[in-house]
>>> print(open('coords-v6.txt').read())   # compact mmCIF, N, CA, C and O atoms
# COMPACT_ATOMS: atom_id res chain seq x y z
N MET A 1137 -40.53 51.06 29.13
CA MET A 1137 -40.06 51.02 27.76
C MET A 1137 -38.56 51.35 27.73
O MET A 1137 -38.12 52.35 28.28
N ARG A 1138 -37.80 50.51 27.09
CA ARG A 1138 -36.36 50.74 26.97
C ARG A 1138 -36.07 51.52 25.70
O ARG A 1138 -36.41 51.10 24.60
N ARG A 1139 -35.48 52.67 25.85
CA ARG A 1139 -35.14 53.50 24.70
C ARG A 1139 -33.68 53.27 24.33
O ARG A 1139 -32.88 52.86 25.15
N ASP A 1140 -33.35 53.58 23.09
CA ASP A 1140 -31.94 53.50 22.71
C ASP A 1140 -31.37 54.91 22.59
O ASP A 1140 -32.09 55.91 22.66
N VAL A 1141 -30.06 55.00 22.41
CA VAL A 1141 -29.39 56.29 22.40
C VAL A 1141 -29.88 57.18 21.26
O VAL A 1141 -29.91 58.40 21.39
N PHE A 1142 -30.28 56.58 20.16
CA PHE A 1142 -30.71 57.38 19.02
C PHE A 1142 -32.07 58.02 19.26
O PHE A 1142 -32.32 59.12 18.78
N GLN A 1143 -32.93 57.35 20.01
CA GLN A 1143 -34.18 57.98 20.40
C GLN A 1143 -33.90 59.15 21.33
O GLN A 1143 -34.56 60.19 21.26
N ALA A 1144 -32.93 58.99 22.19
CA ALA A 1144 -32.60 60.04 23.15
C ALA A 1144 -32.05 61.28 22.45
O ALA A 1144 -32.44 62.40 22.76
N ILE A 1145 -31.15 61.08 21.50
CA ILE A 1145 -30.54 62.24 20.85
C ILE A 1145 -31.41 62.83 19.74
O ILE A 1145 -31.05 63.84 19.16
N ALA A 1146 -32.54 62.20 19.47
CA ALA A 1146 -33.45 62.73 18.45
C ALA A 1146 -34.07 64.05 18.89
O ALA A 1146 -34.46 64.86 18.06
N ASP A 1147 -34.14 64.28 20.18
CA ASP A 1147 -34.77 65.49 20.70
C ASP A 1147 -33.73 66.60 20.88
O ASP A 1147 -32.69 66.39 21.50
N PRO A 1148 -34.01 67.79 20.34
CA PRO A 1148 -33.03 68.88 20.44
C PRO A 1148 -32.73 69.33 21.88
O PRO A 1148 -31.61 69.72 22.18
N THR A 1149 -33.72 69.25 22.76
CA THR A 1149 -33.48 69.62 24.15
C THR A 1149 -32.51 68.66 24.80
O THR A 1149 -31.60 69.06 25.53
N ARG A 1150 -32.68 67.37 24.53
CA ARG A 1150 -31.77 66.39 25.11
C ARG A 1150 -30.36 66.55 24.54
O ARG A 1150 -29.38 66.39 25.26
N ARG A 1151 -30.26 66.88 23.26
CA ARG A 1151 -28.93 67.14 22.70
C ARG A 1151 -28.29 68.35 23.38
O ARG A 1151 -27.08 68.36 23.66
N ALA A 1152 -29.07 69.36 23.67
CA ALA A 1152 -28.56 70.55 24.35
C ALA A 1152 -28.12 70.20 25.78
O ALA A 1152 -27.10 70.71 26.26
N ILE A 1153 -28.87 69.35 26.44
CA ILE A 1153 -28.48 68.91 27.79
C ILE A 1153 -27.16 68.17 27.74
O ILE A 1153 -26.27 68.38 28.57
N ILE A 1154 -27.00 67.30 26.74
CA ILE A 1154 -25.75 66.56 26.59
C ILE A 1154 -24.58 67.53 26.42
O ILE A 1154 -23.52 67.36 27.03
N LEU A 1155 -24.77 68.56 25.61
CA LEU A 1155 -23.71 69.56 25.43
C LEU A 1155 -23.38 70.27 26.74
O LEU A 1155 -22.21 70.54 27.03
N LEU A 1156 -24.41 70.58 27.51
CA LEU A 1156 -24.19 71.28 28.78
C LEU A 1156 -23.35 70.46 29.75
O LEU A 1156 -22.46 70.98 30.41
N ILE A 1157 -23.67 69.18 29.86
CA ILE A 1157 -22.99 68.37 30.87
C ILE A 1157 -21.76 67.64 30.32
O ILE A 1157 -21.12 66.89 31.04
N ALA A 1158 -21.41 67.90 29.07
CA ALA A 1158 -20.25 67.25 28.48
C ALA A 1158 -18.96 67.64 29.20
O ALA A 1158 -18.05 66.82 29.33
N SER A 1159 -18.88 68.86 29.67
CA SER A 1159 -17.64 69.32 30.29
C SER A 1159 -17.67 69.27 31.82
O SER A 1159 -16.61 69.21 32.44
N GLN A 1160 -18.87 69.28 32.41
CA GLN A 1160 -18.94 69.22 33.87
C GLN A 1160 -20.29 68.68 34.32
O GLN A 1160 -21.30 68.88 33.65
N ALA A 1161 -20.28 67.99 35.43
CA ALA A 1161 -21.52 67.46 36.00
C ALA A 1161 -22.37 68.63 36.51
O ALA A 1161 -21.83 69.63 36.98
N MET A 1162 -23.67 68.48 36.37
CA MET A 1162 -24.58 69.55 36.79
C MET A 1162 -25.80 68.96 37.49
O MET A 1162 -26.20 67.83 37.22
N THR A 1163 -26.40 69.77 38.36
CA THR A 1163 -27.65 69.38 39.01
C THR A 1163 -28.81 69.66 38.05
O THR A 1163 -28.68 70.48 37.13
N PRO A 1164 -29.95 69.01 38.28
CA PRO A 1164 -31.12 69.31 37.43
C PRO A 1164 -31.51 70.79 37.45
O PRO A 1164 -31.89 71.34 36.42
N ASN A 1165 -31.41 71.42 38.60
CA ASN A 1165 -31.75 72.85 38.68
C ASN A 1165 -30.80 73.69 37.85
O ASN A 1165 -31.23 74.62 37.16
N ALA A 1166 -29.52 73.39 37.90
CA ALA A 1166 -28.54 74.13 37.11
C ALA A 1166 -28.79 73.92 35.62
O ALA A 1166 -28.66 74.85 34.82
N ILE A 1167 -29.17 72.71 35.24
CA ILE A 1167 -29.47 72.42 33.84
C ILE A 1167 -30.73 73.18 33.42
O ILE A 1167 -30.77 73.80 32.35
N ALA A 1168 -31.75 73.15 34.26
CA ALA A 1168 -33.04 73.78 33.93
C ALA A 1168 -32.90 75.28 33.72
O ALA A 1168 -33.66 75.87 32.94
N GLU A 1169 -31.92 75.91 34.37
CA GLU A 1169 -31.71 77.36 34.21
C GLU A 1169 -31.37 77.74 32.77
O GLU A 1169 -31.56 78.88 32.38
N HIS A 1170 -30.89 76.79 31.99
CA HIS A 1170 -30.50 77.07 30.60
C HIS A 1170 -31.64 76.91 29.61
O HIS A 1170 -31.45 77.10 28.41
N PHE A 1171 -32.82 76.55 30.10
CA PHE A 1171 -33.94 76.29 29.20
C PHE A 1171 -35.16 77.08 29.62
O PHE A 1171 -35.36 77.37 30.80
N ASN A 1172 -35.96 77.42 28.64
CA ASN A 1172 -37.21 78.13 28.89
C ASN A 1172 -38.33 77.10 29.02
O ASN A 1172 -39.25 77.04 28.22
N THR A 1173 -38.19 76.26 30.04
CA THR A 1173 -39.15 75.19 30.28
C THR A 1173 -39.20 74.89 31.78
O THR A 1173 -38.41 75.45 32.55
N THR A 1174 -40.08 74.02 32.17
CA THR A 1174 -40.21 73.72 33.59
C THR A 1174 -39.11 72.77 34.05
O THR A 1174 -38.52 72.04 33.26
N ARG A 1175 -38.89 72.78 35.33
CA ARG A 1175 -37.91 71.86 35.95
C ARG A 1175 -38.36 70.41 35.72
O ARG A 1175 -37.55 69.52 35.50
N GLN A 1176 -39.68 70.18 35.74
CA GLN A 1176 -40.23 68.84 35.52
C GLN A 1176 -39.94 68.35 34.10
O GLN A 1176 -39.64 67.17 33.90
N ALA A 1177 -40.01 69.25 33.13
CA ALA A 1177 -39.72 68.87 31.74
C ALA A 1177 -38.26 68.48 31.61
O ALA A 1177 -37.92 67.49 30.94
N VAL A 1178 -37.38 69.23 32.24
CA VAL A 1178 -35.95 68.91 32.21
C VAL A 1178 -35.71 67.56 32.90
O VAL A 1178 -34.94 66.73 32.41
N SER A 1179 -36.39 67.32 34.00
CA SER A 1179 -36.26 66.04 34.71
C SER A 1179 -36.69 64.88 33.83
O SER A 1179 -36.07 63.81 33.86
N LYS A 1180 -37.73 65.08 33.04
CA LYS A 1180 -38.18 64.03 32.13
C LYS A 1180 -37.10 63.73 31.09
O LYS A 1180 -36.81 62.57 30.79
N HIS A 1181 -36.50 64.78 30.54
CA HIS A 1181 -35.43 64.59 29.57
C HIS A 1181 -34.24 63.87 30.22
O HIS A 1181 -33.65 62.97 29.61
N LEU A 1182 -33.91 64.25 31.44
CA LEU A 1182 -32.81 63.59 32.15
C LEU A 1182 -33.12 62.12 32.41
O LEU A 1182 -32.24 61.27 32.31
N ARG A 1183 -34.36 61.82 32.73
CA ARG A 1183 -34.77 60.43 32.96
C ARG A 1183 -34.58 59.60 31.69
O ARG A 1183 -34.07 58.48 31.73
N ILE A 1184 -34.97 60.16 30.55
CA ILE A 1184 -34.81 59.46 29.27
C ILE A 1184 -33.33 59.25 28.96
O ILE A 1184 -32.91 58.16 28.57
N LEU A 1185 -32.51 60.28 29.19
CA LEU A 1185 -31.07 60.15 28.96
C LEU A 1185 -30.46 59.10 29.89
O LEU A 1185 -29.56 58.36 29.48
N ALA A 1186 -30.95 59.05 31.11
CA ALA A 1186 -30.45 58.06 32.07
C ALA A 1186 -30.89 56.65 31.67
O ALA A 1186 -30.12 55.70 31.80
N GLU A 1187 -32.13 56.51 31.19
CA GLU A 1187 -32.62 55.20 30.73
C GLU A 1187 -31.75 54.65 29.60
O GLU A 1187 -31.53 53.46 29.51
N CYS A 1188 -31.28 55.54 28.76
CA CYS A 1188 -30.43 55.15 27.63
C CYS A 1188 -28.96 55.06 28.04
O CYS A 1188 -28.11 54.76 27.20
N GLN A 1189 -28.68 55.36 29.28
CA GLN A 1189 -27.33 55.32 29.84
C GLN A 1189 -26.38 56.34 29.21
O GLN A 1189 -25.16 56.16 29.22
N LEU A 1190 -26.95 57.40 28.64
CA LEU A 1190 -26.12 58.49 28.12
C LEU A 1190 -25.61 59.38 29.24
O LEU A 1190 -24.59 60.04 29.10
N VAL A 1191 -26.35 59.43 30.34
CA VAL A 1191 -25.93 60.19 31.51
C VAL A 1191 -25.96 59.27 32.73
O VAL A 1191 -26.71 58.29 32.76
N THR A 1192 -25.13 59.61 33.68
CA THR A 1192 -25.13 58.89 34.95
C THR A 1192 -25.41 59.89 36.06
O THR A 1192 -25.18 61.10 35.90
N GLN A 1193 -25.92 59.38 37.16
CA GLN A 1193 -26.23 60.22 38.31
C GLN A 1193 -25.23 59.93 39.42
O GLN A 1193 -24.84 58.79 39.63
N GLU A 1194 -24.86 60.99 40.11
CA GLU A 1194 -23.99 60.84 41.27
C GLU A 1194 -24.54 61.69 42.40
O GLU A 1194 -24.76 62.89 42.23
N GLN A 1195 -24.78 61.06 43.53
CA GLN A 1195 -25.31 61.75 44.70
C GLN A 1195 -24.15 62.40 45.44
O GLN A 1195 -23.12 61.76 45.69
N SER A 1196 -24.30 63.66 45.76
CA SER A 1196 -23.32 64.38 46.57
C SER A 1196 -24.08 65.17 47.61
O SER A 1196 -24.63 66.24 47.32
N GLY A 1197 -24.16 64.62 48.81
CA GLY A 1197 -24.98 65.23 49.85
C GLY A 1197 -26.45 65.12 49.45
O GLY A 1197 -26.93 64.04 49.14
N ARG A 1198 -27.14 66.24 49.43
CA ARG A 1198 -28.55 66.23 49.03
C ARG A 1198 -28.74 66.48 47.55
O ARG A 1198 -29.85 66.44 47.06
N GLU A 1199 -27.66 66.75 46.85
CA GLU A 1199 -27.74 67.06 45.42
C GLU A 1199 -27.44 65.83 44.57
O GLU A 1199 -26.63 64.99 44.93
N ILE A 1200 -28.10 65.78 43.42
CA ILE A 1200 -27.82 64.77 42.42
C ILE A 1200 -27.18 65.49 41.24
O ILE A 1200 -27.70 66.48 40.74
N PHE A 1201 -26.03 64.98 40.83
CA PHE A 1201 -25.33 65.55 39.69
C PHE A 1201 -25.42 64.58 38.52
O PHE A 1201 -25.24 63.38 38.69
N TYR A 1202 -25.68 65.14 37.35
CA TYR A 1202 -25.73 64.35 36.12
C TYR A 1202 -24.46 64.62 35.33
O TYR A 1202 -24.03 65.76 35.20
N GLN A 1203 -23.88 63.54 34.83
CA GLN A 1203 -22.68 63.68 34.00
C GLN A 1203 -22.81 62.78 32.78
O GLN A 1203 -23.57 61.81 32.79
N LEU A 1204 -22.09 63.13 31.77
CA LEU A 1204 -22.14 62.40 30.51
C LEU A 1204 -21.41 61.07 30.63
O LEU A 1204 -20.34 60.99 31.23
N ASN A 1205 -21.99 60.03 30.05
CA ASN A 1205 -21.37 58.71 30.00
C ASN A 1205 -20.65 58.61 28.65
O ASN A 1205 -21.26 58.31 27.63
N GLY A 1206 -19.37 58.86 28.66
CA GLY A 1206 -18.58 58.87 27.43
C GLY A 1206 -18.59 57.54 26.70
O GLY A 1206 -18.56 57.51 25.47
N ASP A 1207 -18.64 56.45 27.44
CA ASP A 1207 -18.65 55.13 26.80
C ASP A 1207 -19.89 54.95 25.93
O ASP A 1207 -19.82 54.38 24.84
N LYS A 1208 -21.01 55.45 26.40
CA LYS A 1208 -22.24 55.31 25.62
C LYS A 1208 -22.21 56.23 24.39
O LYS A 1208 -22.77 55.90 23.35
N MET A 1209 -21.53 57.37 24.52
CA MET A 1209 -21.39 58.27 23.38
C MET A 1209 -20.57 57.61 22.27
O MET A 1209 -20.77 57.90 21.09
N LYS A 1210 -19.68 56.72 22.65
CA LYS A 1210 -18.87 56.00 21.66
C LYS A 1210 -19.75 55.15 20.75
O LYS A 1210 -19.42 54.94 19.59
N GLU A 1211 -20.87 54.68 21.28
CA GLU A 1211 -21.82 53.90 20.47
C GLU A 1211 -22.35 54.75 19.32
O GLU A 1211 -22.47 54.29 18.18
N ILE A 1212 -22.65 56.00 19.61
CA ILE A 1212 -23.13 56.93 18.58
C ILE A 1212 -22.01 57.20 17.58
O ILE A 1212 -22.23 57.18 16.37
N ASP A 1213 -20.82 57.44 18.11
CA ASP A 1213 -19.68 57.73 17.25
C ASP A 1213 -19.36 56.56 16.33
O ASP A 1213 -19.06 56.75 15.15
N LYS A 1214 -19.46 55.36 16.84
CA LYS A 1214 -19.20 54.16 16.03
C LYS A 1214 -20.20 54.07 14.88
O LYS A 1214 -19.84 53.76 13.75
N TRP A 1215 -21.46 54.37 15.15
CA TRP A 1215 -22.48 54.33 14.11
C TRP A 1215 -22.21 55.42 13.06
O TRP A 1215 -22.32 55.19 11.86
N LEU A 1216 -21.84 56.61 13.53
CA LEU A 1216 -21.56 57.71 12.61
C LEU A 1216 -20.29 57.49 11.80
O LEU A 1216 -20.17 58.02 10.69
N ASP A 1217 -19.37 56.69 12.32
CA ASP A 1217 -18.10 56.47 11.64
C ASP A 1217 -18.29 55.87 10.25
O ASP A 1217 -17.53 56.20 9.34
N GLN A 1218 -19.28 55.02 10.08
CA GLN A 1218 -19.51 54.44 8.76
C GLN A 1218 -19.84 55.52 7.73
O GLN A 1218 -19.43 55.44 6.58
N PHE A 1219 -20.57 56.56 8.16
CA PHE A 1219 -20.90 57.66 7.26
C PHE A 1219 -19.69 58.55 7.03
O PHE A 1219 -19.49 59.06 5.93
N ARG A 1220 -18.88 58.73 8.06
CA ARG A 1220 -17.66 59.51 7.95
C ARG A 1220 -16.76 58.93 6.87
O ARG A 1220 -16.19 59.65 6.05
N LYS A 1221 -16.64 57.62 6.86
CA LYS A 1221 -15.80 56.94 5.86
C LYS A 1221 -16.34 57.15 4.45
O LYS A 1221 -15.59 57.38 3.51
N ILE A 1222 -17.66 57.09 4.30
CA ILE A 1222 -18.28 57.32 2.99
C ILE A 1222 -18.02 58.75 2.54
O ILE A 1222 -17.64 58.99 1.39
N TRP A 1223 -18.23 59.72 3.44
CA TRP A 1223 -18.02 61.12 3.09
C TRP A 1223 -16.57 61.39 2.72
O TRP A 1223 -16.28 62.10 1.76
N GLU A 1224 -15.64 60.83 3.51
CA GLU A 1224 -14.22 61.04 3.20
C GLU A 1224 -13.87 60.48 1.84
O GLU A 1224 -13.14 61.10 1.08
N SER A 1225 -14.41 59.32 1.53
CA SER A 1225 -14.16 58.71 0.23
C SER A 1225 -14.69 59.60 -0.89
O SER A 1225 -14.02 59.82 -1.90
N ARG A 1226 -15.90 60.11 -0.71
CA ARG A 1226 -16.48 60.99 -1.74
C ARG A 1226 -15.71 62.29 -1.88
O ARG A 1226 -15.52 62.78 -2.99
N PHE A 1227 -15.26 62.86 -0.77
CA PHE A 1227 -14.48 64.09 -0.84
C PHE A 1227 -13.13 63.84 -1.51
O PHE A 1227 -12.64 64.67 -2.27
N ASN A 1228 -12.54 62.68 -1.24
CA ASN A 1228 -11.27 62.33 -1.91
C ASN A 1228 -11.47 62.21 -3.41
O ASN A 1228 -10.64 62.66 -4.19
N GLU A 1229 -12.57 61.60 -3.81
CA GLU A 1229 -12.88 61.49 -5.24
C GLU A 1229 -13.10 62.87 -5.85
O GLU A 1229 -12.64 63.14 -6.95
N LEU A 1230 -13.80 63.72 -5.14
CA LEU A 1230 -14.02 65.09 -5.62
C LEU A 1230 -12.70 65.84 -5.76
O LEU A 1230 -12.49 66.55 -6.74
N ASP A 1231 -11.82 65.67 -4.78
CA ASP A 1231 -10.49 66.29 -4.87
C ASP A 1231 -9.75 65.85 -6.12
O ASP A 1231 -9.14 66.67 -6.82
N LYS A 1232 -9.82 64.56 -6.43
CA LYS A 1232 -9.16 64.04 -7.62
C LYS A 1232 -9.75 64.65 -8.89
O LYS A 1232 -9.02 65.03 -9.80
N ILE A 1233 -11.06 64.75 -8.94
CA ILE A 1233 -11.73 65.34 -10.11
C ILE A 1233 -11.35 66.80 -10.27
O ILE A 1233 -11.02 67.26 -11.37
N LEU A 1234 -11.37 67.53 -9.18
CA LEU A 1234 -11.03 68.96 -9.23
C LEU A 1234 -9.56 69.16 -9.62
O LEU A 1234 -9.24 70.07 -10.40
N LEU A 1235 -8.68 68.30 -9.14
CA LEU A 1235 -7.28 68.40 -9.50
C LEU A 1235 -7.09 68.10 -10.99
O LEU A 1235 -6.34 68.79 -11.69
N THR A 1236 -7.81 67.10 -11.50
CA THR A 1236 -7.75 66.77 -12.92
C THR A 1236 -8.25 67.93 -13.76
O THR A 1236 -7.63 68.30 -14.77
N LEU A 1237 -9.38 68.53 -13.36
CA LEU A 1237 -9.90 69.69 -14.09
C LEU A 1237 -8.93 70.86 -14.06
O LEU A 1237 -8.74 71.55 -15.07
N LYS A 1238 -8.30 71.08 -12.92
CA LYS A 1238 -7.35 72.17 -12.81
C LYS A 1238 -6.14 71.94 -13.72
O LYS A 1238 -5.67 72.85 -14.39
N ASN A 1239 -5.64 70.71 -13.74
CA ASN A 1239 -4.49 70.37 -14.58
C ASN A 1239 -4.84 70.43 -16.06
O ASN A 1239 -4.00 70.77 -16.89
N ASP A 1240 -6.09 70.09 -16.42
CA ASP A 1240 -6.51 70.15 -17.82
C ASP A 1240 -6.60 71.58 -18.31
O ASP A 1240 -6.43 71.83 -19.52
N LYS A 1241 -6.88 72.54 -17.45
CA LYS A 1241 -6.98 73.95 -17.86
C LYS A 1241 -5.61 74.55 -18.15
O LYS A 1241 -5.51 75.55 -18.83
N LYS A 1242 -4.58 73.95 -17.60
CA LYS A 1242 -3.23 74.51 -17.77
C LYS A 1242 -2.68 74.26 -19.12
O LYS A 1242 -2.82 73.72 -19.99
>>> encode(input="coords-v6.txt", output="structure tokens")
Amino acid sequence: MRRDVFQAIADPTRRAIILLIASQAMTPNAIAEHFNTTRQAVSKHLRILAECQLVTQEQSGREIFYQLNGDKMKEIDKWLDQFRKIWESRFNELDKILLTLKNDKK
């Protein structure tokens, strides 16, 4: 089954994993240390993130390091940008209303 990035980030544990590896690549064991769950559960989350291409794997000796795929994160940001524009527009309108109310009180 092919998952998309939004299915991947729907889970709070996977979002936490993304935050962990955003600044540096980590091994599954290092990631698992941050959670009160089994190593196998963390591996399942990593597999889902890898299927969605949110994380990439890099072999270094006997260790596998997971790192964030910034290009795939841009897909999420692009989708969120449409809402950002709506919110900014609404906040700008609110600013205008508040400024008008403030000027009317003077």
>>> closest_residue(input="coords-v6.txt", among="A:Phe1201, A:His1181, A:Asn1172, A:Asp1217", to="Gln1143 (chain A)", atoms="only C-alpha atoms")
A:His1181
>>> atom_distance(input="coords-v6.txt", atom1="atom N of Arg1198 (chain A)", atom2="atom N of Ala1168 (chain A)")
17.3 Å
>>> closest_residue(input="coords-v6.txt", among="A:Lys1221, A:Asn1165, A:Leu1185, A:Lys1232", to="Asn1205 (chain A)", atoms="only N, CA, C and O atoms")
A:Leu1185
>>> atom_distance(input="coords-v6.txt", atom1="CA of Thr1173 (chain A)", atom2="CA of Lys1208 (chain A)")
26.5 Å
>>> residues_around(input="coords-v6.txt", residues="Glu1199 (chain A)", least_positions_apart="5", cutoff="8 Å", atoms="only N, CA, C and O atoms", output="PyMOL selection string")
chain A and resi 1162-1164+1193-1194
>>> residues_around(input="coords-v6.txt", residues="region 1155-1160 of chain A", least_positions_apart="4", cutoff="6 Å", atoms="all atoms listed in the file", output="short mmCIF file (atom, residue, chain, number, x, y, z; two decimals) with N, CA, C and O atoms, keeping the file's coordinate frame")
data_model
loop_
_atom_site.label_atom_id
_atom_site.label_comp_id
_atom_site.auth_asym_id
_atom_site.auth_seq_id
_atom_site.Cartn_x
_atom_site.Cartn_y
_atom_site.Cartn_z
N ARG A 1150 -32.68 67.37 24.53
CA ARG A 1150 -31.77 66.39 25.11
C ARG A 1150 -30.36 66.55 24.54
O ARG A 1150 -29.38 66.39 25.26
N ARG A 1151 -30.26 66.88 23.26
CA ARG A 1151 -28.93 67.14 22.70
C ARG A 1151 -28.29 68.35 23.38
O ARG A 1151 -27.08 68.36 23.66
N TYR A 1202 -25.68 65.14 37.35
CA TYR A 1202 -25.73 64.35 36.12
C TYR A 1202 -24.46 64.62 35.33
O TYR A 1202 -24.03 65.76 35.20
N GLN A 1203 -23.88 63.54 34.83
CA GLN A 1203 -22.68 63.68 34.00
C GLN A 1203 -22.81 62.78 32.78
O GLN A 1203 -23.57 61.81 32.79
N LEU A 1204 -22.09 63.13 31.77
CA LEU A 1204 -22.14 62.40 30.51
C LEU A 1204 -21.41 61.07 30.63
O LEU A 1204 -20.34 60.99 31.23
#
>>> atom_distance(input="coords-v6.txt", atom1="atom O of Asp1213 (chain A)", atom2="atom O of Ile1145 (chain A)")
14.5 Å
>>> select_by_dssp(input="coords-v6.txt", residues="chain A", states="helix (DSSP H, G or I)", output="NGL selection string")
:A and (1141-1145 or 1148-1157 or 1164-1168 or 1175-1187 or 1206-1241)
